[in-house]
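Here is the file start.txt (compact mmCIF, C-alpha atoms and all ligand atoms).
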```
# COMPACT_ATOMS: atom_id res chain seq x y z
CA MET A 223 -46.01 -2.09 68.76
CA PRO A 224 -46.87 -4.58 71.50
CA ILE A 225 -50.55 -5.18 72.16
CA LYS A 226 -51.68 -3.71 75.45
CA ILE A 227 -53.47 -6.27 77.58
CA ALA A 228 -55.18 -6.36 80.94
CA ILE A 229 -55.24 -9.82 82.51
CA PHE A 230 -58.16 -10.70 84.79
CA VAL A 231 -57.58 -13.33 87.49
CA SER A 232 -59.24 -14.73 90.58
CA GLY A 233 -56.92 -17.46 91.76
CA ARG A 234 -53.46 -18.99 91.63
CA GLY A 235 -52.46 -17.48 88.27
CA SER A 236 -50.63 -20.29 86.50
CA ASN A 237 -51.88 -19.01 83.13
CA LEU A 238 -50.87 -15.49 84.14
CA ASN A 239 -47.43 -16.91 84.87
CA ALA A 240 -47.26 -18.58 81.46
CA ILE A 241 -48.15 -15.29 79.76
CA ILE A 242 -45.64 -13.33 81.84
CA GLN A 243 -42.92 -15.86 80.96
CA ALA A 244 -43.77 -15.60 77.27
CA VAL A 245 -43.53 -11.80 77.40
CA GLU A 246 -40.28 -11.90 79.34
CA ASP A 247 -38.75 -14.48 76.96
CA GLY A 248 -39.72 -12.46 73.89
CA ARG A 249 -42.21 -15.08 72.64
CA LEU A 250 -45.15 -12.72 73.06
CA ASN A 251 -45.14 -9.13 71.85
CA ALA A 252 -47.49 -7.79 74.49
CA SER A 253 -47.42 -5.33 77.32
CA ILE A 254 -49.27 -6.46 80.43
CA GLU A 255 -50.54 -3.08 81.55
CA VAL A 256 -52.39 -4.29 84.63
CA VAL A 257 -53.62 -7.43 86.36
CA VAL A 258 -57.17 -7.10 87.68
CA SER A 259 -58.77 -9.28 90.32
CA ASN A 260 -62.12 -9.51 92.06
CA ASP A 261 -60.32 -11.24 94.95
CA PRO A 262 -57.80 -9.06 96.82
CA ASP A 263 -56.23 -12.25 98.24
CA ALA A 264 -55.67 -13.98 94.91
CA PRO A 265 -52.11 -15.39 94.78
CA ALA A 266 -51.98 -14.23 91.14
CA LEU A 267 -51.76 -10.62 92.39
CA ASP A 268 -48.53 -11.36 94.29
CA LEU A 269 -47.16 -13.04 91.21
CA ALA A 270 -47.88 -9.91 89.16
CA SER A 271 -46.27 -7.66 91.76
CA ARG A 272 -43.16 -9.85 91.84
CA HIS A 273 -42.83 -9.09 88.13
CA ASP A 274 -43.42 -5.35 88.64
CA ILE A 275 -46.78 -5.47 86.93
CA LYS A 276 -49.44 -3.09 88.20
CA THR A 277 -52.45 -4.62 89.91
CA PHE A 278 -55.99 -3.54 90.62
CA ALA A 279 -57.97 -5.58 93.14
CA LEU A 280 -61.57 -4.89 93.93
CA SER A 281 -63.78 -7.32 95.75
CA HIS A 282 -67.19 -7.79 94.18
CA LYS A 283 -68.73 -8.83 97.48
CA THR A 284 -70.26 -5.55 98.60
CA LEU A 285 -71.02 -4.14 95.16
CA LYS A 286 -73.71 -4.68 92.57
CA ARG A 287 -72.36 -6.27 89.37
CA ARG A 288 -72.75 -3.03 87.45
CA GLU A 289 -70.93 -0.98 90.10
CA HIS A 290 -68.10 -3.47 90.27
CA GLU A 291 -67.67 -3.51 86.51
CA ASP A 292 -67.90 0.27 86.22
CA LYS A 293 -65.14 0.73 88.77
CA ILE A 294 -62.93 -1.67 86.83
CA LEU A 295 -63.75 0.10 83.55
CA GLU A 296 -62.96 3.43 85.14
CA HIS A 297 -59.61 2.12 86.33
CA LEU A 298 -58.77 0.64 82.93
CA ARG A 299 -59.46 3.89 81.09
CA GLN A 300 -55.93 5.19 81.80
CA TYR A 301 -54.28 2.29 79.93
CA GLN A 302 -55.92 2.19 76.48
CA ILE A 303 -56.20 -1.56 76.65
CA ASP A 304 -56.39 -3.45 73.34
CA TYR A 305 -57.53 -6.79 74.77
CA VAL A 306 -58.89 -8.08 78.05
CA VAL A 307 -57.44 -11.52 78.73
CA LEU A 308 -59.32 -13.71 81.21
CA ALA A 309 -57.09 -16.18 83.03
CA GLY A 310 -59.17 -17.90 85.65
CA TYR A 311 -61.44 -14.90 86.30
CA MET A 312 -64.41 -16.29 88.18
CA ARG A 313 -66.94 -13.56 87.41
CA VAL A 314 -69.25 -13.44 84.44
CA LEU A 315 -68.79 -10.18 82.55
CA SER A 316 -72.07 -8.49 81.64
CA PRO A 317 -72.87 -7.12 78.15
CA HIS A 318 -72.42 -3.67 79.65
CA PHE A 319 -68.76 -4.41 80.38
CA LEU A 320 -68.15 -6.29 77.14
CA LYS A 321 -69.47 -3.43 75.01
CA ALA A 322 -66.62 -1.24 76.22
CA PHE A 323 -64.28 -3.51 74.25
CA HIS A 324 -66.15 -4.17 71.02
CA ASP A 325 -64.36 -4.05 67.69
CA ASP A 326 -65.86 -2.70 64.48
CA ARG A 327 -67.21 -6.15 63.54
CA GLY A 328 -69.15 -6.32 66.79
CA TYR A 329 -66.87 -8.86 68.48
CA PHE A 330 -65.68 -8.24 71.99
CA LYS A 331 -61.93 -7.97 72.41
CA VAL A 332 -62.16 -10.12 75.51
CA ILE A 333 -60.45 -13.50 75.35
CA ASN A 334 -60.93 -16.50 77.59
CA ILE A 335 -59.30 -19.88 78.09
CA HIS A 336 -61.53 -22.77 79.05
CA PRO A 337 -60.27 -26.21 80.06
CA SER A 338 -62.40 -28.36 77.74
CA LEU A 339 -63.22 -28.69 74.07
CA LEU A 340 -66.16 -26.30 74.00
CA PRO A 341 -69.09 -26.60 73.58
CA ALA A 342 -68.51 -29.73 75.71
CA PHE A 343 -68.22 -29.20 79.45
CA PRO A 344 -68.76 -25.49 80.02
CA GLY A 345 -68.75 -24.31 83.64
CA THR A 346 -66.43 -24.03 86.59
CA HIS A 347 -65.32 -27.67 86.90
CA ALA A 348 -64.58 -28.65 83.33
CA TYR A 349 -61.62 -30.96 84.07
CA ARG A 350 -63.62 -32.78 86.71
CA ASP A 351 -66.75 -32.96 84.58
CA ALA A 352 -64.88 -34.33 81.54
CA PHE A 353 -62.94 -36.81 83.68
CA GLU A 354 -66.04 -38.07 85.47
CA TYR A 355 -67.91 -38.37 82.19
CA GLY A 356 -65.20 -40.77 81.04
CA VAL A 357 -63.87 -38.94 77.99
CA LYS A 358 -60.96 -40.53 76.10
CA VAL A 359 -59.89 -37.16 74.72
CA SER A 360 -60.38 -33.70 76.13
CA GLY A 361 -58.74 -30.40 75.38
CA VAL A 362 -58.44 -26.69 75.87
CA THR A 363 -60.29 -23.86 74.10
CA VAL A 364 -59.29 -20.24 73.64
CA HIS A 365 -62.25 -18.16 72.52
CA LEU A 366 -63.65 -14.67 72.23
CA VAL A 367 -66.12 -13.95 74.99
CA ASP A 368 -69.72 -13.17 74.12
CA GLU A 369 -72.86 -12.60 76.18
CA LYS A 370 -73.17 -16.27 77.15
CA VAL A 371 -70.94 -18.14 79.59
CA ASP A 372 -68.02 -20.16 78.12
CA HIS A 373 -69.29 -19.30 74.68
CA GLY A 374 -68.22 -17.30 71.65
CA PRO A 375 -66.12 -17.63 68.49
CA ILE A 376 -63.35 -20.17 68.92
CA LEU A 377 -59.80 -18.96 68.27
CA ALA A 378 -57.94 -22.20 69.01
CA GLN A 379 -58.44 -25.67 70.43
CA GLU A 380 -55.84 -28.21 71.46
CA PRO A 381 -56.77 -31.77 72.39
CA PHE A 382 -55.03 -33.96 74.94
CA PRO A 383 -55.59 -37.64 75.80
CA ARG A 384 -56.95 -39.23 78.92
CA PHE A 385 -54.91 -42.33 79.75
CA PRO A 386 -56.45 -45.41 81.41
CA ASP A 387 -54.50 -44.98 84.64
CA ASP A 388 -55.15 -41.24 84.94
CA THR A 389 -56.41 -39.71 88.14
CA LEU A 390 -58.28 -36.40 88.01
CA GLU A 391 -55.02 -34.81 89.17
CA SER A 392 -52.85 -36.27 86.40
CA PHE A 393 -55.55 -35.56 83.80
CA SER A 394 -55.90 -31.91 84.94
CA ALA A 395 -52.13 -31.43 85.09
CA ARG A 396 -51.82 -32.61 81.49
CA GLY A 397 -54.52 -30.16 80.45
CA LEU A 398 -52.99 -27.31 82.39
CA SER A 399 -49.66 -27.75 80.62
CA VAL A 400 -51.55 -27.55 77.31
CA GLU A 401 -53.18 -24.32 78.52
CA HIS A 402 -49.81 -22.82 79.39
CA ALA A 403 -48.48 -23.41 75.88
CA LEU A 404 -51.65 -22.55 73.98
CA TYR A 405 -52.67 -19.27 75.61
CA PRO A 406 -49.43 -17.33 74.97
CA ALA A 407 -49.25 -18.76 71.43
CA VAL A 408 -52.77 -17.56 70.58
CA LEU A 409 -52.07 -14.15 72.09
CA GLU A 410 -48.90 -13.88 69.99
CA GLN A 411 -50.92 -14.68 66.88
CA ILE A 412 -53.30 -11.85 67.83
CA ALA A 413 -50.35 -9.52 68.49
CA ARG A 414 -49.06 -10.26 64.98
CA SER A 415 -52.22 -10.11 62.96
CA GLY A 416 -55.19 -9.19 65.12
CA ILE A 417 -58.20 -11.41 65.55
CA LYS A 418 -58.58 -13.41 62.38
CA LEU A 419 -61.75 -15.41 62.03
CA THR A 420 -62.36 -17.42 58.89
CA ALA A 421 -65.72 -17.11 57.14
CA LYS A 422 -66.84 -20.31 58.80
CA GLU A 423 -65.70 -19.22 62.23
CA THR A 424 -67.58 -15.94 61.99
CA ALA A 425 -70.80 -17.93 62.07
CA ARG A 426 -71.81 -17.16 65.61
CA PRO A 427 -72.32 -20.32 67.64
C1 LIG B 501 -57.64 -22.66 84.23
O1 LIG B 501 -57.88 -24.05 84.18
C2 LIG B 501 -58.43 -21.94 83.18
O2 LIG B 501 -58.61 -22.66 82.00
C3 LIG B 501 -59.75 -21.74 83.87
O3 LIG B 501 -59.44 -21.46 85.20
C4 LIG B 501 -58.18 -22.05 85.53
C5 LIG B 501 -57.30 -20.95 86.04
O4 LIG B 501 -56.09 -21.45 86.53
N1 LIG B 501 -60.53 -20.72 83.21
P1 LIG B 501 -54.87 -20.47 86.83
O5 LIG B 501 -55.36 -19.45 87.87
O6 LIG B 501 -54.48 -19.81 85.55
O7 LIG B 501 -53.80 -21.35 87.39
```
Output the file's structure in the form of structure tokens.
Ligand code: GRF
Amino acid sequence: MPIKIAIFVSGRGSNLNAIIQAVEDGRLNASIEVVVSNDPDAPALDLASRHDIKTFALSHKTLKRREHEDKILEHLRQYQIDYVVLAGYMRVLSPHFLKAFHDDRGYFKVINIHPSLLPAFPGTHAYRDAFEYGVKVSGVTVHLVDEKVDHGPILAQEPFPRFPDDTLESFSARGLSVEHALYPAVLEQIARSGIKLTAKETARP
């Protein structure tokens, strides 16, 4: 049985595209039930529609956080979603939302990709922050979401180098291509065997 996922986006959707490609190529045993966005103009929504994937767009601008999240939860109820997959979703999900997806160990079945080796460089501009700091190596993290931002048990990390002649653009492009390979691969691992955390990894950061 494929895992049923809802993918949350706010922007261009290059990670969404990588996941769609993996599903379509048979590399990822998942069913993308719906793509959700807080930005009705997000290009990622058009991408989803071009692949006949259902979308649900609801701007957060005129709603309180709780109302916005409740409307999304209400919409998701029809799908019996196994995992929420964040792919450039620019809203912080509150504990109220996360609790709707907890497993029996107390983890939230909400997965995020972050463009740095967490806990280094959390936040919205991780590629820029790492580049400006002068790192020689950076990387990408896929993790379970918890109540803190860019935080939670790490599922996978993949490093990539910064070369001396890199610009922020070439550095970010290298990282993004790592994201596009890593995210579908981690999701496929979850589709095969669920969320496996070793004893050490279950130590909450
Ligand atoms: C990615 O760099 C992702 O790691 C971060 O937001 C960006 C989204 O890009 N969370 P895209 O919309 O998937 O192209």
Check every protein, DNA and RNA residue against ligand LIG 501 (chain B), keep those with an atom at most 10 Å away (counting all atoms listed in the file), and present them as a PyMOL selection string. chain A and resi 230-241+264-266+308-312+334-338+345-349+362-364+372+394-395+397-402+405
Pairwise distance for atom CA of Ser415 of chain A and atom CA of Gln243 of chain A, rounded to one decimal in Å: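 About the pair atom CA of Ser415 of chain A and atom CA of Gln243 of chain A: they are 21.1 Å apart.
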Lys293 of chain A surroundings by all atoms listed in the file, 12 Å radius, close-in-sequence under 5 positions cut, as a PyMOL selection string: chain A and resi 258-260+278-282+285-288+298-299+319
Measuring atom to atom with all atoms listed in the file, identify which of A:Val245, A:Val367, A:Leu409, A:Val357 is nearest to Phe382 of chain A. A:Val357
Atom pair atom CA of Ile333 of chain A + atom CA of Asp304 of chain A, distance 11.0 Å
May I ask for the distance between atom CA of Ile254 of chain A and atom CA of Ala322 of chain A, given in Å to one decimal place?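 Interatomic distance, atom CA of Ile254 of chain A to atom CA of Ala322 of chain A: 18.6 Å.
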N, CA and C atoms modelled onto segment 377-396 of chain A, as a PDB file, keeping the file's coordinate frame:
```
ATOM      1  N   LEU A 377     -61.059 -19.383  68.887  1.00  0.00           N
ATOM      2  CA  LEU A 377     -59.800 -18.960  68.270  1.00  0.00           C
ATOM      3  C   LEU A 377     -58.849 -20.127  68.110  1.00  0.00           C
ATOM      4  N   ALA A 378     -58.842 -21.048  69.086  1.00  0.00           N
ATOM      5  CA  ALA A 378     -57.940 -22.200  69.010  1.00  0.00           C
ATOM      6  C   ALA A 378     -58.417 -23.299  69.945  1.00  0.00           C
ATOM      7  N   GLN A 379     -58.170 -24.529  69.537  1.00  0.00           N
ATOM      8  CA  GLN A 379     -58.440 -25.670  70.430  1.00  0.00           C
ATOM      9  C   GLN A 379     -57.294 -26.647  70.313  1.00  0.00           C
ATOM     10  N   GLU A 380     -56.941 -27.241  71.430  1.00  0.00           N
ATOM     11  CA  GLU A 380     -55.840 -28.210  71.460  1.00  0.00           C
ATOM     12  C   GLU A 380     -56.310 -29.423  72.262  1.00  0.00           C
ATOM     13  N   PRO A 381     -56.325 -30.586  71.652  1.00  0.00           N
ATOM     14  CA  PRO A 381     -56.770 -31.770  72.390  1.00  0.00           C
ATOM     15  C   PRO A 381     -55.647 -32.375  73.235  1.00  0.00           C
ATOM     16  N   PHE A 382     -56.011 -33.137  74.211  1.00  0.00           N
ATOM     17  CA  PHE A 382     -55.030 -33.960  74.940  1.00  0.00           C
ATOM     18  C   PHE A 382     -55.735 -35.248  75.370  1.00  0.00           C
ATOM     19  N   PRO A 383     -54.960 -36.354  75.499  1.00  0.00           N
ATOM     20  CA  PRO A 383     -55.590 -37.640  75.800  1.00  0.00           C
ATOM     21  C   PRO A 383     -55.853 -37.844  77.281  1.00  0.00           C
ATOM     22  N   ARG A 384     -56.804 -38.715  77.560  1.00  0.00           N
ATOM     23  CA  ARG A 384     -56.950 -39.230  78.920  1.00  0.00           C
ATOM     24  C   ARG A 384     -56.442 -40.671  78.868  1.00  0.00           C
ATOM     25  N   PHE A 385     -55.489 -40.998  79.737  1.00  0.00           N
ATOM     26  CA  PHE A 385     -54.910 -42.330  79.750  1.00  0.00           C
ATOM     27  C   PHE A 385     -55.663 -43.198  80.768  1.00  0.00           C
ATOM     28  N   PRO A 386     -55.649 -44.530  80.553  1.00  0.00           N
ATOM     29  CA  PRO A 386     -56.450 -45.410  81.410  1.00  0.00           C
ATOM     30  C   PRO A 386     -56.129 -45.280  82.902  1.00  0.00           C
ATOM     31  N   ASP A 387     -54.857 -45.041  83.211  1.00  0.00           N
ATOM     32  CA  ASP A 387     -54.500 -44.980  84.640  1.00  0.00           C
ATOM     33  C   ASP A 387     -54.518 -43.550  85.192  1.00  0.00           C
ATOM     34  N   ASP A 388     -55.100 -42.627  84.454  1.00  0.00           N
ATOM     35  CA  ASP A 388     -55.150 -41.240  84.940  1.00  0.00           C
ATOM     36  C   ASP A 388     -55.986 -41.113  86.210  1.00  0.00           C
ATOM     37  N   THR A 389     -55.547 -40.220  87.070  1.00  0.00           N
ATOM     38  CA  THR A 389     -56.410 -39.710  88.140  1.00  0.00           C
ATOM     39  C   THR A 389     -56.883 -38.330  87.672  1.00  0.00           C
ATOM     40  N   LEU A 390     -57.852 -37.762  88.383  1.00  0.00           N
ATOM     41  CA  LEU A 390     -58.280 -36.400  88.010  1.00  0.00           C
ATOM     42  C   LEU A 390     -57.084 -35.454  88.056  1.00  0.00           C
ATOM     43  N   GLU A 391     -56.173 -35.704  89.019  1.00  0.00           N
ATOM     44  CA  GLU A 391     -55.020 -34.810  89.170  1.00  0.00           C
ATOM     45  C   GLU A 391     -54.089 -34.906  87.954  1.00  0.00           C
ATOM     46  N   SER A 392     -53.772 -36.134  87.533  1.00  0.00           N
ATOM     47  CA  SER A 392     -52.850 -36.270  86.400  1.00  0.00           C
ATOM     48  C   SER A 392     -53.497 -35.768  85.106  1.00  0.00           C
ATOM     49  N   PHE A 393     -54.798 -36.023  84.980  1.00  0.00           N
ATOM     50  CA  PHE A 393     -55.550 -35.560  83.800  1.00  0.00           C
ATOM     51  C   PHE A 393     -55.552 -34.023  83.747  1.00  0.00           C
ATOM     52  N   SER A 394     -55.848 -33.386  84.890  1.00  0.00           N
ATOM     53  CA  SER A 394     -55.900 -31.910  84.940  1.00  0.00           C
ATOM     54  C   SER A 394     -54.518 -31.310  84.707  1.00  0.00           C
ATOM     55  N   ALA A 395     -53.495 -31.963  85.250  1.00  0.00           N
ATOM     56  CA  ALA A 395     -52.130 -31.430  85.090  1.00  0.00           C
ATOM     57  C   ALA A 395     -51.730 -31.464  83.620  1.00  0.00           C
ATOM     58  N   ARG A 396     -52.132 -32.535  82.930  1.00  0.00           N
ATOM     59  CA  ARG A 396     -51.820 -32.610  81.490  1.00  0.00           C
ATOM     60  C   ARG A 396     -52.523 -31.473  80.751  1.00  0.00           C
TER      61      ARG A 396
END
```
